[in-house]
Structure formats: C-alpha cells, structure tokens
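Chemist: Just start.tsv, nothing more (TSV, C-alpha atoms):
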chain	number	residue	atom	x	y	z
K	1	MET	CA	-13.31	59.70	125.95
K	2	LYS	CA	-9.70	59.77	124.85
K	3	PHE	CA	-6.98	62.30	125.64
K	4	LEU	CA	-3.23	62.80	125.24
K	5	HIS	CA	-1.02	63.61	128.23
K	6	THR	CA	2.37	65.25	127.69
K	7	ALA	CA	4.66	67.59	129.65
K	8	ASP	CA	8.15	69.03	130.04
K	9	TRP	CA	8.76	70.13	126.46
K	10	HIS	CA	11.42	72.68	127.51
K	11	VAL	CA	11.24	74.40	124.14
K	12	GLY	CA	14.20	76.72	123.63
K	13	LYS	CA	16.64	74.73	125.72
K	14	THR	CA	20.15	74.44	124.33
K	15	LEU	CA	22.60	71.65	125.14
K	16	LYS	CA	26.26	72.54	125.69
K	17	GLY	CA	25.74	75.55	123.44
K	18	ARG	CA	23.98	73.58	120.68
K	19	ASP	CA	20.67	75.08	119.50
K	20	ARG	CA	18.04	72.32	119.41
K	21	LEU	CA	15.01	74.35	118.29
K	22	GLU	CA	14.63	72.54	114.95
K	23	GLU	CA	14.79	69.24	116.78
K	24	GLN	CA	12.19	70.48	119.30
K	25	LYS	CA	9.92	71.58	116.45
K	26	ALA	CA	10.11	68.08	114.98
K	27	VAL	CA	9.15	66.57	118.35
K	28	LEU	CA	6.19	68.94	118.73
K	29	SER	CA	5.05	68.13	115.20
K	30	GLU	CA	5.20	64.42	116.02
K	31	ILE	CA	3.12	64.95	119.18
K	32	ALA	CA	0.54	66.89	117.18
K	33	SER	CA	0.46	64.08	114.61
K	34	ILE	CA	-0.16	61.53	117.38
K	35	ALA	CA	-3.05	63.64	118.68
K	36	GLU	CA	-4.50	63.81	115.17
K	37	SER	CA	-4.07	60.14	114.29
K	38	HIS	CA	-5.61	59.00	117.59
K	39	GLU	CA	-8.43	61.56	117.26
K	40	VAL	CA	-8.12	62.52	120.91
K	41	ASP	CA	-10.79	64.60	122.60
K	42	ALA	CA	-8.25	66.61	124.58
K	43	VAL	CA	-4.56	67.35	124.93
K	44	LEU	CA	-3.23	68.01	128.44
K	45	VAL	CA	0.16	69.74	128.63
K	46	ALA	CA	1.32	69.53	132.25
K	47	GLY	CA	3.84	72.37	132.45
K	48	ASP	CA	7.42	73.34	131.59
K	49	VAL	CA	6.35	74.20	128.08
K	50	TYR	CA	9.42	76.42	127.77
K	51	ASP	CA	12.87	76.09	129.27
K	52	THR	CA	13.09	79.66	130.55
K	53	SER	CA	10.72	82.29	131.88
K	54	ALA	CA	11.66	84.53	128.92
K	55	PRO	CA	11.52	82.25	125.85
K	56	SER	CA	12.68	83.52	122.48
K	57	ALA	CA	10.18	84.55	119.82
K	58	PRO	CA	11.00	81.46	117.67
K	59	ALA	CA	10.43	79.20	120.69
K	60	GLN	CA	7.06	80.81	121.40
K	61	GLN	CA	6.11	80.59	117.74
K	62	ALA	CA	6.86	76.85	117.70
K	63	VAL	CA	4.69	76.24	120.76
K	64	ILE	CA	1.77	78.40	119.66
K	65	ARG	CA	1.66	76.82	116.21
K	66	THR	CA	1.62	73.36	117.79
K	67	LEU	CA	-1.21	74.24	120.20
K	68	LEU	CA	-3.24	75.80	117.37
K	69	ARG	CA	-2.71	72.73	115.20
K	70	MET	CA	-4.02	70.49	117.97
K	71	ARG	CA	-7.02	72.73	118.50
K	72	GLN	CA	-7.76	72.91	114.79
K	73	ALA	CA	-7.83	69.10	114.79
K	74	GLY	CA	-10.79	69.30	117.16
K	75	ALA	CA	-9.12	68.59	120.51
K	76	GLU	CA	-9.66	70.55	123.69
K	77	VAL	CA	-6.20	71.94	124.51
K	78	ILE	CA	-5.34	72.69	128.14
K	79	VAL	CA	-1.90	73.95	129.20
K	80	ILE	CA	-0.52	74.83	132.64
K	81	ALA	CA	2.68	76.60	133.63
K	82	GLY	CA	5.56	74.71	135.21
K	83	ASN	CA	8.40	75.99	137.34
K	84	HIS	CA	10.45	76.87	134.22
K	85	ASP	CA	7.58	78.87	132.73
K	86	HIS	CA	6.57	82.42	133.66
K	87	GLY	CA	3.12	82.10	135.18
K	88	PRO	CA	2.15	85.79	134.91
K	89	THR	CA	2.91	85.74	131.18
K	90	PHE	CA	0.70	82.68	130.78
K	91	GLU	CA	-2.06	84.59	132.58
K	92	ALA	CA	-1.55	87.61	130.32
K	93	TYR	CA	-2.06	85.45	127.23
K	94	ARG	CA	-4.98	83.56	128.75
K	95	PRO	CA	-7.78	85.73	127.22
K	96	LEU	CA	-6.19	85.72	123.77
K	97	MET	CA	-5.60	81.96	123.81
K	98	GLY	CA	-9.16	81.53	125.03
K	99	VAL	CA	-10.45	83.20	121.86
K	100	ALA	CA	-8.58	80.48	119.93
K	101	GLY	CA	-10.26	77.83	122.09
K	102	ILE	CA	-7.11	76.99	124.06
K	103	THR	CA	-7.06	77.04	127.88
K	104	ILE	CA	-3.77	78.26	129.33
K	105	ALA	CA	-3.21	78.77	133.07
K	106	GLY	CA	-0.25	80.34	134.85
K	107	ALA	CA	-1.71	80.59	138.35
K	108	VAL	CA	-3.93	78.53	140.62
K	109	ARG	CA	-7.55	79.62	140.37
K	110	SER	CA	-10.74	78.68	142.13
K	111	ALA	CA	-13.09	76.29	140.35
K	112	GLU	CA	-15.49	79.14	139.59
K	113	ARG	CA	-12.74	81.30	138.03
K	114	GLY	CA	-11.27	78.68	135.73
K	115	GLY	CA	-9.56	76.20	138.03
K	116	VAL	CA	-11.80	73.46	136.61
K	117	VAL	CA	-12.28	73.11	132.85
K	118	ARG	CA	-15.42	71.31	131.77
K	119	PHE	CA	-16.29	70.06	128.28
K	120	THR	CA	-18.19	67.36	126.42
K	121	ALA	CA	-16.00	64.80	124.64
K	122	ARG	CA	-16.65	64.79	120.91
K	123	SER	CA	-16.02	61.03	120.61
K	124	ASP	CA	-18.62	59.68	123.02
K	125	GLY	CA	-20.32	62.70	124.56
K	126	ALA	CA	-18.79	62.04	127.99
K	127	ASP	CA	-19.07	64.96	130.39
K	128	THR	CA	-15.45	65.69	131.36
K	129	GLN	CA	-13.95	67.96	133.98
K	130	VAL	CA	-10.25	68.75	134.42
K	131	SER	CA	-8.85	70.31	137.60
K	132	ILE	CA	-5.74	72.33	136.67
K	133	ILE	CA	-2.93	73.15	139.12
K	134	PRO	CA	0.05	75.06	137.71
K	135	PHE	CA	3.34	74.96	139.62
K	136	LEU	CA	2.88	76.45	143.06
K	137	SER	CA	6.12	77.47	144.77
K	138	GLN	CA	6.53	77.27	148.51
K	139	ARG	CA	6.64	81.04	148.93
K	140	TYR	CA	3.15	81.29	147.48
K	141	ALA	CA	1.73	78.24	149.18
K	142	VAL	CA	3.16	79.22	152.56
K	143	ARG	CA	3.26	82.80	153.73
K	144	ALA	CA	6.70	84.39	153.65
K	145	ALA	CA	6.61	85.12	157.37
K	146	GLU	CA	5.99	81.46	158.12
K	147	ILE	CA	8.88	80.37	155.88
K	148	VAL	CA	11.22	82.63	157.85
K	149	ALA	CA	9.89	81.79	161.32
K	150	ASN	CA	9.08	78.10	160.99
K	151	THR	CA	11.43	75.13	160.99
K	152	PRO	CA	11.98	73.27	157.70
K	153	SER	CA	9.76	70.41	158.85
K	154	GLU	CA	7.00	72.87	159.71
K	155	ASN	CA	7.26	74.43	156.26
K	156	VAL	CA	7.11	71.00	154.62
K	157	ARG	CA	3.97	70.25	156.54
K	158	ALA	CA	2.50	73.65	155.72
K	159	TYR	CA	3.19	73.19	151.99
K	160	ASP	CA	1.59	69.75	152.10
K	161	GLU	CA	-1.48	71.13	153.85
K	162	GLN	CA	-1.84	74.01	151.41
K	163	MET	CA	-1.58	71.68	148.42
K	164	ARG	CA	-4.19	69.38	149.96
K	165	GLN	CA	-6.54	72.34	150.32
K	166	VAL	CA	-5.97	73.45	146.72
K	167	ILE	CA	-6.46	69.97	145.28
K	168	GLY	CA	-9.42	69.25	147.54
K	169	SER	CA	-11.12	72.49	146.51
K	170	LEU	CA	-10.67	71.74	142.80
K	171	THR	CA	-11.70	68.07	142.92
K	172	HIS	CA	-14.52	67.94	145.47
K	173	ARG	CA	-17.12	68.20	142.70
K	174	PHE	CA	-15.86	65.10	140.89
K	175	GLY	CA	-18.98	63.04	140.29
K	176	ALA	CA	-19.85	59.45	139.42
K	177	ASP	CA	-21.32	60.45	136.05
K	178	THR	CA	-18.31	62.45	134.74
K	179	VAL	CA	-14.80	61.66	133.59
K	180	ASN	CA	-12.69	63.27	136.28
K	181	LEU	CA	-9.15	64.38	135.46
K	182	ALA	CA	-6.55	66.34	137.41
K	183	MET	CA	-3.45	67.97	135.95
K	184	ALA	CA	-0.60	69.40	138.03
K	185	HIS	CA	3.07	70.35	137.86
K	186	LEU	CA	4.70	69.14	141.06
K	187	THR	CA	6.90	66.53	142.73
K	188	CYS	CA	5.29	63.46	144.24
K	189	ILE	CA	7.12	61.61	146.99
K	190	GLY	CA	8.59	58.40	145.61
K	191	GLY	CA	8.86	59.71	142.06
K	192	ALA	CA	12.14	59.01	140.23
K	193	PHE	CA	13.98	62.01	138.85
K	194	GLY	CA	14.63	62.03	135.13
K	195	GLY	CA	17.97	63.82	135.30
K	196	GLY	CA	17.26	67.34	134.09
K	197	GLU	CA	14.95	68.84	136.72
K	198	ARG	CA	15.77	71.86	138.85
K	199	THR	CA	16.71	70.24	142.13
K	200	ALA	CA	15.93	73.37	144.15
K	201	GLN	CA	12.28	73.10	143.08
K	202	SER	CA	12.03	69.33	143.33
K	203	ILE	CA	13.40	68.62	146.79
K	204	PHE	CA	11.48	67.40	149.82
K	205	GLU	CA	10.12	70.86	150.67
K	206	TYR	CA	8.18	70.84	147.40
K	207	SER	CA	7.01	67.23	147.54
K	208	VAL	CA	3.56	65.84	148.26
K	209	PRO	CA	2.35	62.24	148.46
K	210	ALA	CA	0.58	60.81	145.42
K	211	ALA	CA	-2.30	59.89	147.74
K	212	ILE	CA	-3.13	63.60	147.91
K	213	PHE	CA	-5.32	63.06	144.82
K	214	PRO	CA	-8.80	61.64	145.44
K	215	VAL	CA	-9.97	58.17	144.47
K	216	SER	CA	-12.68	59.83	142.36
K	217	ALA	CA	-10.04	60.96	139.83
K	218	HIS	CA	-9.97	58.70	136.79
K	219	TYR	CA	-6.47	59.93	135.90
K	220	VAL	CA	-3.91	62.40	137.28
K	221	ALA	CA	-1.65	63.93	134.60
K	222	LEU	CA	1.58	65.22	136.12
K	223	GLY	CA	4.56	67.17	134.86
K	224	HIS	CA	7.93	68.05	136.40
K	225	LEU	CA	9.75	64.71	136.69
K	226	HIS	CA	11.21	63.89	133.29
K	227	ARG	CA	11.03	60.10	133.52
K	228	ARG	CA	7.90	58.25	132.41
K	229	GLN	CA	6.41	56.58	135.48
K	230	ALA	CA	3.24	55.66	137.33
K	231	LEU	CA	3.05	56.09	141.09
K	232	PRO	CA	1.14	53.85	143.51
K	233	ALA	CA	-1.92	55.70	144.77
K	234	GLN	CA	-5.66	55.37	145.16
K	235	ALA	CA	-6.06	57.03	141.75
K	236	PRO	CA	-3.98	56.49	138.58
K	237	VAL	CA	-1.13	59.02	138.98
K	238	HIS	CA	1.21	59.32	135.98
K	239	TYR	CA	4.18	61.37	134.84
K	240	SER	CA	4.39	61.38	131.05
K	241	GLY	CA	8.08	62.30	131.16
K	242	SER	CA	9.81	64.61	128.73
K	243	PRO	CA	9.39	63.78	125.01
K	244	LEU	CA	13.00	64.83	124.40
K	245	ALA	CA	16.02	64.19	126.62
K	246	VAL	CA	17.14	67.62	127.81
K	247	ASP	CA	20.64	66.61	128.95
K	248	PHE	CA	22.92	63.59	129.24
K	249	GLY	CA	21.45	62.65	132.60
K	250	GLU	CA	18.33	61.62	130.67
K	251	GLN	CA	19.99	59.59	127.95
K	252	GLU	CA	18.44	56.32	129.14
K	253	ASN	CA	14.91	57.71	129.38
K	254	LYS	CA	12.41	56.53	126.77
K	255	PRO	CA	10.49	59.53	125.37
K	256	VAL	CA	6.74	58.94	125.07
K	257	VAL	CA	3.37	60.60	125.29
K	258	CYS	CA	0.44	58.94	127.03
K	259	VAL	CA	-2.82	58.31	125.21
K	260	VAL	CA	-5.53	57.59	127.78
K	261	GLU	CA	-9.06	56.26	127.40
K	262	ALA	CA	-11.57	56.68	130.24
K	263	THR	CA	-15.29	56.55	130.91
K	264	PRO	CA	-17.21	57.50	134.05
K	265	SER	CA	-17.64	53.83	134.96
K	266	THR	CA	-14.38	52.14	133.88
K	267	PRO	CA	-10.71	52.48	134.87
K	268	ALA	CA	-8.42	54.50	132.66
K	269	LYS	CA	-6.53	52.61	129.96
K	270	VAL	CA	-3.08	54.11	129.37
K	271	THR	CA	-1.04	53.52	126.21
K	272	ASP	CA	2.51	54.86	125.85
K	273	ILE	CA	3.24	56.13	122.33
K	274	PRO	CA	6.99	56.47	121.57
K	275	VAL	CA	8.30	59.83	120.39
K	276	THR	CA	11.17	59.24	117.97
K	277	SER	CA	11.93	62.61	116.35
K	278	GLY	CA	14.53	63.76	118.86
K	279	ARG	CA	18.21	62.91	118.50
K	280	ARG	CA	19.55	60.41	120.99
K	281	LEU	CA	22.08	61.45	123.64
K	282	ARG	CA	24.90	58.99	124.23
K	283	THR	CA	28.00	58.75	126.45
K	284	VAL	CA	30.99	56.96	124.90
K	285	HIS	CA	34.38	55.90	126.26
K	286	GLY	CA	37.62	55.01	124.49
K	287	THR	CA	40.83	56.19	122.94
K	288	LEU	CA	40.71	58.39	119.86
K	289	GLU	CA	41.65	55.41	117.73
K	290	GLU	CA	38.89	53.25	119.25
K	291	LEU	CA	36.25	55.96	118.89
K	292	GLU	CA	37.23	56.65	115.29
K	293	ALA	CA	36.73	52.97	114.52
K	294	LYS	CA	33.23	53.10	116.07
K	295	LYS	CA	32.09	56.50	114.78
K	296	ASP	CA	29.87	55.16	111.99
K	297	GLY	CA	27.76	53.43	114.64
K	298	PHE	CA	26.99	56.68	116.46
K	299	GLY	CA	24.85	58.06	113.63
K	300	GLU	CA	23.38	61.48	114.43
K	301	ASP	CA	23.51	60.98	118.20
K	302	TYR	CA	24.82	63.82	120.33
K	303	LEU	CA	27.83	62.55	122.24
K	304	ARG	CA	29.47	63.04	125.60
K	305	VAL	CA	32.99	61.69	125.16
K	306	PHE	CA	35.30	60.34	127.85
K	307	LEU	CA	38.76	59.89	126.36
K	308	GLN	CA	40.86	57.11	127.78
K	309	GLU	CA	44.27	58.64	127.24
K	310	LYS	CA	46.51	61.28	128.76
K	311	VAL	CA	45.93	64.98	128.23
K	312	ARG	CA	47.84	66.67	125.46
K	313	ALA	CA	47.55	69.88	123.49
K	314	GLY	CA	44.94	69.67	120.75
K	315	LEU	CA	43.33	66.51	122.11
K	316	ARG	CA	39.86	68.03	122.26
K	317	ASP	CA	40.18	69.43	118.73
K	318	ASP	CA	41.23	66.02	117.45
K	319	ALA	CA	38.22	64.43	119.13
K	320	MET	CA	35.85	67.04	117.67
K	321	GLU	CA	37.26	66.48	114.19
K	322	ILE	CA	36.63	62.75	114.44
K	323	LEU	CA	33.26	63.12	116.20
K	324	PRO	CA	31.57	66.36	115.04
K	325	ASN	CA	28.46	65.58	117.11
K	326	ALA	CA	30.46	65.50	120.34
K	327	LEU	CA	29.05	68.20	122.62
K	328	GLN	CA	31.35	67.49	125.53
K	329	VAL	CA	34.85	66.01	125.62
K	330	ARG	CA	36.45	64.96	128.90
K	331	ILE	CA	39.30	62.79	130.09
K	332	ASP	CA	38.13	59.53	131.62
K	333	PRO	CA	38.57	59.80	135.42
K	334	ASP	CA	40.77	56.68	135.40
K	335	PHE	CA	43.30	58.63	133.31
K	336	LEU	CA	43.45	61.65	135.57
K	337	GLU	CA	46.08	61.86	138.24
K	338	THR	CA	44.81	61.76	141.81
K	339	ALA	CA	45.69	64.44	144.36
K	340	SER	CA	47.79	61.99	146.36
K	341	GLU	CA	49.83	61.09	143.28
K	342	ALA	CA	50.45	64.76	142.59
K	343	ASN	CA	51.54	65.34	146.17
K	344	ASP	CA	54.00	62.45	145.95
K	345	ARG	CA	55.86	64.31	143.23
K	346	LYS	CA	56.01	67.68	144.98
K	347	PRO	CA	59.60	68.68	145.88
K	348	GLU	CA	60.70	68.81	149.47
K	349	LYS	CA	61.03	72.23	151.08
K	350	ASP	CA	64.85	72.00	151.16
K	351	ALA	CA	65.14	71.03	147.50
K	352	ALA	CA	67.17	73.26	145.18
K	353	PRO	CA	65.23	76.00	143.36
K	354	ARG	CA	63.86	74.91	139.99
K	355	THR	CA	64.06	76.78	136.73
K	356	PRO	CA	60.89	78.10	135.04
K	357	GLU	CA	61.23	75.29	132.49
K	358	GLN	CA	61.34	72.70	135.27
K	359	LEU	CA	58.34	74.28	137.03
K	360	PHE	CA	56.34	74.26	133.81
K	361	ALA	CA	57.32	70.65	133.14
K	362	ASP	CA	56.10	69.67	136.62
K	363	TYR	CA	52.84	71.56	136.02
K	364	CYS	CA	52.29	69.72	132.74
K	365	ALA	CA	53.01	66.42	134.44
K	366	GLU	CA	50.43	67.17	137.16
K	367	ARG	CA	47.86	67.96	134.46
K	368	GLN	CA	48.73	64.83	132.49
K	369	VAL	CA	49.86	66.96	129.52
K	370	ASP	CA	52.46	64.97	127.62
K	371	ASP	CA	53.20	66.91	124.43
K	372	SER	CA	56.66	68.00	123.24
K	373	ARG	CA	55.08	70.86	121.24
K	374	VAL	CA	53.85	72.51	124.45
K	375	ALA	CA	57.33	72.34	125.98
K	376	ALA	CA	58.84	73.83	122.81
K	377	LEU	CA	56.36	76.69	122.79
K	378	PHE	CA	57.14	77.42	126.42
K	379	ARG	CA	60.87	77.56	125.67
K	380	GLU	CA	60.21	79.98	122.80
K	381	LEU	CA	58.09	82.18	125.06
K	382	GLN	CA	60.72	82.05	127.80
K	383	ASP	CA	63.47	83.04	125.37
K	384	GLU	CA	61.36	85.92	124.06
K	385	VAL	CA	60.62	87.26	127.54
K	386	ALA	CA	64.22	86.85	128.71
K	387	SER	CA	65.75	88.55	125.67
K	388	PRO	CA	66.59	92.31	125.85
K	389	ALA	CA	63.98	93.05	123.18
K	390	GLY	CA	61.37	91.07	125.09
K	391	SER	CA	62.09	92.87	128.33
K	392	GLY	CA	61.50	96.26	126.77
K	393	GLU	CA	65.08	97.49	127.24
K	394	ALA	CA	66.61	99.90	124.66
Would you mind writing the structure in this file as structure tokens?
Modeler:
Amino acid sequence: MKFLHTADWHVGKTLKGRDRLEEQKAVLSEIASIAESHEVDAVLVAGDVYDTSAPSAPAQQAVIRTLLRMRQAGAEVIVIAGNHDHGPTFEAYRPLMGVAGITIAGAVRSAERGGVVRFTARSDGADTQVSIIPFLSQRYAVRAAEIVANTPSENVRAYDEQMRQVIGSLTHRFGADTVNLAMAHLTCIGGAFGGGERTAQSIFEYSVPAAIFPVSAHYVALGHLHRRQALPAQAPVHYSGSPLAVDFGEQENKPVVCVVEATPSTPAKVTDIPVTSGRRLRTVHGTLEELEAKKDGFGEDYLRVFLQEKVRAGLRDDAMEILPNALQVRIDPDFLETASEANDRKPEKDAAPRTPEQLFADYCAERQVDDSRVAALFRELQDEVASPAGSGEA
C-alpha cells in the first residue's frame, strides 16, 4: 500500500505581519495534487495543522477543503492535533468529519475507542492499521501533583514511562500480516530542530527516544520538528518536516512530503517529493547600493535584510522602497557600536554641563545615527519649546 506523510502546516501563521494564507492555500493544493497523482491509499497529517488554537474561519476553510479533496480522491485521511492545535475542538468536529470519511483526533484514545484506525488499502488490498497519538503535554501525561512534587528528572522519567505505556497499548496488536503504521506529534531525542518550533514544548521534558516505537511498525510518521529527517531506531522513524518555512530560522530547510510504500513483508520505501509552491525566505547582507544592484536576483523571496552601514533617519524606509519584499530590516551587528565603545565616549563626572543639543548629538552618536536632518529637526523643536509661545506664556 502507498500513503503520504505530511505535518506542521501551520495554516494561518503570519510572518512579521505579512498574511501568508494565499501562499499556504497554494501549498495545500500542491500536497493534494501529489496525493492524487500518486494515487495514495492514505494521507497521514501528523499535527500542527493550524498555527493557533483559535484559527480564523478562512484558515479552517482552507484546511477542510484540502482534507475533503484528498478524501474525494479516494484516500483514507487521518489527522491528529499538534501542540499548536486545540485538541478539544478537534474532538468536537470528530463526528462530523467522520461522516465525511475523515478521521480527526484531538486526544489520545484507547484502541477500542478510535486510537487505532484500520482499513483495507484500495491499491493492493493490504490490511492496514494506524496507531494515532496526538500531542500529549506533560501535565496530562503526568499528574499535576507529581509535576509539583517531583524533581525535573523524575518528571522526565514519568513522561517517558507514560508515553511508553500509551504507545505500547496502541501498537501491541501489530501483526505480521498487516501494514503497521504509527503517527504521533512529539519530540524524539536526537531530532534536529527546524527553527520554528515552540521550545517550551520541545525541550527535554517532552522528549522520548525513537526506540520507544516497536520493531513491528513498518513506518512511524512524526510531526513537531520542522526539518525533514529520519532517526535511527529499530523501526523507520521519520519527520516529514514543514512543507512551508514558517520563519527565517527555517530558510535552509527543504520542504517535502513523504510518499511511502509498504507491505506486510517488506521494508518501507520512502520517497521525498519536493513542495515548491511556497515563497522562499532569504537573509541578505549589504549596503543599500549593493542590495539595489542585486535586487533582481531576489525574485519573490521574502527577505530579512542586514544593512552594512550606519543608522540614519529614513534608512529603513529607503530599504523597503528598494526591496518591497523585505519583512525585516536590521543593521548588521558589525556596524553597531559596542557597549565598551559607548562607555569610552561618556563624559567624566567633573566635565562641564552639556547643552541639550550636545546631549542629543551624543545620543545620536551612540545609536550610530549620522544624519544632519535629525539634528536640524531637533534644533527646530528646541527653539519652539524655548520660545515664549512654546512655553505657554502670555
């Protein structure tokens, strides 16, 4: 049988105030097209479907239309909640999505109550079972009283033990005559971060070893870490990564989805299919003149700009005019004054008092603002405040 593994869509996420919903729709459409062209038996979406627990109506519409399109193409569609998603809302929609033939899970369930999804693959008739494990926070895996009373190392061990029990309970029926899949949203020890994860829900306290999954699993489809990677374990354990870079920390990641073929008697064959609809994120360095000369080569990429020149009034506006796709403009650290350099210029305690104009000039120098227009505006403001009219006197 053949299935598609994807995760970490983060639909609805903005970047530096830029709405990316149209871009996210294009990525979802491309993923649906891949599922259709490869005629997959199932689509596994391993969590963080949305970027927030309260996604907008347009974000939800984009996701639901994509899931329905995949289902209408004949694929089994199975979706779990990640740490960004709101699990109870997923559970509320579970019956309705079930009517449409889509399995959606926001909470861990026993095998008998939906924790294992079983179906027959349309391509080869393979009996397939999928153990599904939505994101399980420490406060639910470990009793609150234990979190308060135990040491951090004890809580780590308790979380590990609870996850072993959950996974063991949902995979112990994996047989030799079925294709056995597990899907979870969690952090595996040794996994490389992609750059956009929530650190508070990815740190050691929430980590488990990849060996926690049984050797009887033909494939383990994970979500949460945004970088595409396979982890060494007794079973094939894979993160599909995010199909769209969610921030500049992920600009070097290569967005893909995984198309996997498996039979009860052969190892899984994994093929990475590139996802190209999203706009690239890029960090660039240079002076305004240098960046203007290179701008045609940036195409439609979203840019994080580090300017290699001193601060002056209007510098950011000038950069944005030259590079309209710049989402962030900063001064290159090499062009910022260090604290020690600023201290070297501070006047001695016994120095003569300085005028407001001198104080402002020193402030501008500390901030690397070298613009005669700013000094002129300050003098105008000072004259206005110092004049009788400016002081409010009759």
Chemist: How many Å separate CA of Leu281 (chain K) from CA of Gly17 (chain K)?
Modeler: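 So the two atoms, CA of Leu281 (chain K) and CA of Gly17 (chain K), lie 14.6 Å apart.
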Chemist: With distances taken over all atoms listed in the file, which of K:Val369, K:Ala361, K:Leu327, K:Val385 is nearest to Gly314 (chain K)?
Modeler: K:Val369
Chemist: Hey, can you check how far CA of Glu30 (chain K) sits from CA of Phe135 (chain K)?
Modeler: 25.9 Å
Chemist: Identify the residues within 12 Å of coordinate (32.9, 63.5, 124.6) (same frame as the file), considering only C-alpha atoms, and give the answer as an MDAnalysis selection string.
Modeler: chainID K and resid 16 248 281:288 291 301:308 315:332
Chemist: Would you compute the distance between CA of Arg94 (chain K) and CA of Val79 (chain K)? Give it in Å to one decimal.
Modeler: 10.1 Å
Chemist: Which residue is closest to Pro209 (chain K)? Choose from K:Val256, K:Ala176, K:Leu21, K:Ile189 and count only C-alpha atoms.
Modeler: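 For Pro209 (chain K), the nearest of the candidates is K:Ile189.
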Chemist: Mind checking which residues fall within 9 Å of Arg373 (chain K), counting all atoms listed in the file, ignoring those fewer than 4 positions away in the same chain, and posting them as a PDB file with C-alpha atoms, in the frame of the given file?
Modeler:
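Saved to result_29.pdb:
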ATOM      1  CA  ALA K 313      47.550  69.880 123.490  1.00  0.00           C
ATOM      2  CA  LEU K 377      56.360  76.690 122.790  1.00  0.00           C
ATOM      3  CA  PHE K 378      57.140  77.420 126.420  1.00  0.00           C
TER       4      PHE K 378
END
Chemist: Counting all atoms listed in the file, what is within 8 Å of region 233-235 of chain K, bar same-chain residues fewer than 4 positions away, as a list in words?
Modeler: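 Residues near the query, excluding close chain neighbours: Ala210, Ala211, Phe213, Pro214, Val215, Ser216, Ala217, His218, Tyr219 and Val220 of chain K.
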Chemist: Any chance you could export the current selection's C-alpha atoms as a PDB file, keeping the file's coordinate frame?
Modeler:
ATOM      1  CA  ALA K 210       0.580  60.810 145.420  1.00  0.00           C
ATOM      2  CA  ALA K 211      -2.300  59.890 147.740  1.00  0.00           C
ATOM      3  CA  PHE K 213      -5.320  63.060 144.820  1.00  0.00           C
ATOM      4  CA  PRO K 214      -8.800  61.640 145.440  1.00  0.00           C
ATOM      5  CA  VAL K 215      -9.970  58.170 144.470  1.00  0.00           C
ATOM      6  CA  SER K 216     -12.680  59.830 142.360  1.00  0.00           C
ATOM      7  CA  ALA K 217     -10.040  60.960 139.830  1.00  0.00           C
ATOM      8  CA  HIS K 218      -9.970  58.700 136.790  1.00  0.00           C
ATOM      9  CA  TYR K 219      -6.470  59.930 135.900  1.00  0.00           C
ATOM     10  CA  VAL K 220      -3.910  62.400 137.280  1.00  0.00           C
TER      11      VAL K 220
END
Chemist: Which residue, K:Gly87, K:Pro267, K:Gly223, K:Gly74, has the smallest gap to Ala100 (chain K) when you use all atoms listed in the file?
Modeler: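 Closest residue, counting all atoms listed in the file: K:Gly74.
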Chemist: Skip region 38-41 of chain K itself and residues of its chain fewer than 6 positions away, then list as a ChimeraX atom specification all residues within 12 Å of it, counting all atoms listed in the file.
Modeler: /K:1-5,31-32,70-78,119-128,257-262,271,273
Chemist: Pick the closest to Arg18 (chain K) from K:Ile212, K:Asp247, K:Pro274, K:Glu161: which is it, counting all atoms listed in the file?
Modeler: K:Asp247
Chemist: Between K:Cys364, K:Val117, K:Leu136, K:Ile34, which has the minimum distance to His86 (chain K) (counting all atoms listed in the file)?
Modeler: K:Leu136
Chemist: Between K:Val63, K:Leu15, K:Thr171, K:Asp8, which residue has the minimum interatomic distance to Gly249 (chain K), considering only C-alpha atoms?
Modeler: K:Leu15
Chemist: First collect every listed atom of region 60-65 of chain K; then fit an axis-aligned box around them, widen it by 5 Å on each side, and give centre and edge lengths in Å to one decimal, as AutoDock Vina command-line options.
Modeler:
--center_x 4.4 --center_y 78.5 --center_z 118.8 --size_x 15.4 --size_y 14.6 --size_z 15.2
Chemist: Some atoms are absent from region 35-45 of chain K, so rebuild N, CA, C and O atoms and return them as an mmCIF file, keeping the file's coordinate frame.
Modeler:
data_model
loop_
_atom_site.group_PDB
_atom_site.id
_atom_site.type_symbol
_atom_site.label_atom_id
_atom_site.label_comp_id
_atom_site.auth_asym_id
_atom_site.auth_seq_id
_atom_site.Cartn_x
_atom_site.Cartn_y
_atom_site.Cartn_z
ATOM 1 N N ALA K 35 -1.726 63.180 118.256
ATOM 2 C CA ALA K 35 -3.050 63.640 118.680
ATOM 3 C C ALA K 35 -4.052 63.543 117.533
ATOM 4 O O ALA K 35 -5.213 63.146 117.734
ATOM 5 N N GLU K 36 -3.615 63.872 116.328
ATOM 6 C CA GLU K 36 -4.500 63.810 115.170
ATOM 7 C C GLU K 36 -4.841 62.377 114.791
ATOM 8 O O GLU K 36 -6.019 62.045 114.562
ATOM 9 N N SER K 37 -3.829 61.522 114.738
ATOM 10 C CA SER K 37 -4.070 60.140 114.290
ATOM 11 C C SER K 37 -4.924 59.359 115.285
ATOM 12 O O SER K 37 -5.689 58.468 114.894
ATOM 13 N N HIS K 38 -4.810 59.694 116.565
ATOM 14 C CA HIS K 38 -5.610 59.000 117.590
ATOM 15 C C HIS K 38 -6.944 59.694 117.839
ATOM 16 O O HIS K 38 -7.747 59.213 118.645
ATOM 17 N N GLU K 39 -7.173 60.817 117.159
ATOM 18 C CA GLU K 39 -8.430 61.560 117.260
ATOM 19 C C GLU K 39 -8.815 61.791 118.725
ATOM 20 O O GLU K 39 -9.934 61.497 119.159
ATOM 21 N N VAL K 40 -7.881 62.335 119.485
ATOM 22 C CA VAL K 40 -8.120 62.520 120.910
ATOM 23 C C VAL K 40 -9.122 63.658 121.134
ATOM 24 O O VAL K 40 -9.228 64.598 120.335
ATOM 25 N N ASP K 41 -9.845 63.550 122.231
ATOM 26 C CA ASP K 41 -10.790 64.600 122.600
ATOM 27 C C ASP K 41 -10.099 65.780 123.255
ATOM 28 O O ASP K 41 -10.636 66.897 123.238
ATOM 29 N N ALA K 42 -8.946 65.530 123.877
ATOM 30 C CA ALA K 42 -8.250 66.610 124.580
ATOM 31 C C ALA K 42 -6.759 66.343 124.605
ATOM 32 O O ALA K 42 -6.307 65.191 124.516
ATOM 33 N N VAL K 43 -6.002 67.429 124.715
ATOM 34 C CA VAL K 43 -4.560 67.350 124.930
ATOM 35 C C VAL K 43 -4.256 68.092 126.228
ATOM 36 O O VAL K 43 -4.630 69.269 126.380
ATOM 37 N N LEU K 44 -3.607 67.413 127.159
ATOM 38 C CA LEU K 44 -3.230 68.010 128.440
ATOM 39 C C LEU K 44 -1.714 68.187 128.457
ATOM 40 O O LEU K 44 -0.970 67.204 128.358
ATOM 41 N N VAL K 45 -1.263 69.428 128.579
ATOM 42 C CA VAL K 45 0.160 69.740 128.630
ATOM 43 C C VAL K 45 0.478 70.191 130.055
ATOM 44 O O VAL K 45 0.123 71.305 130.453
#
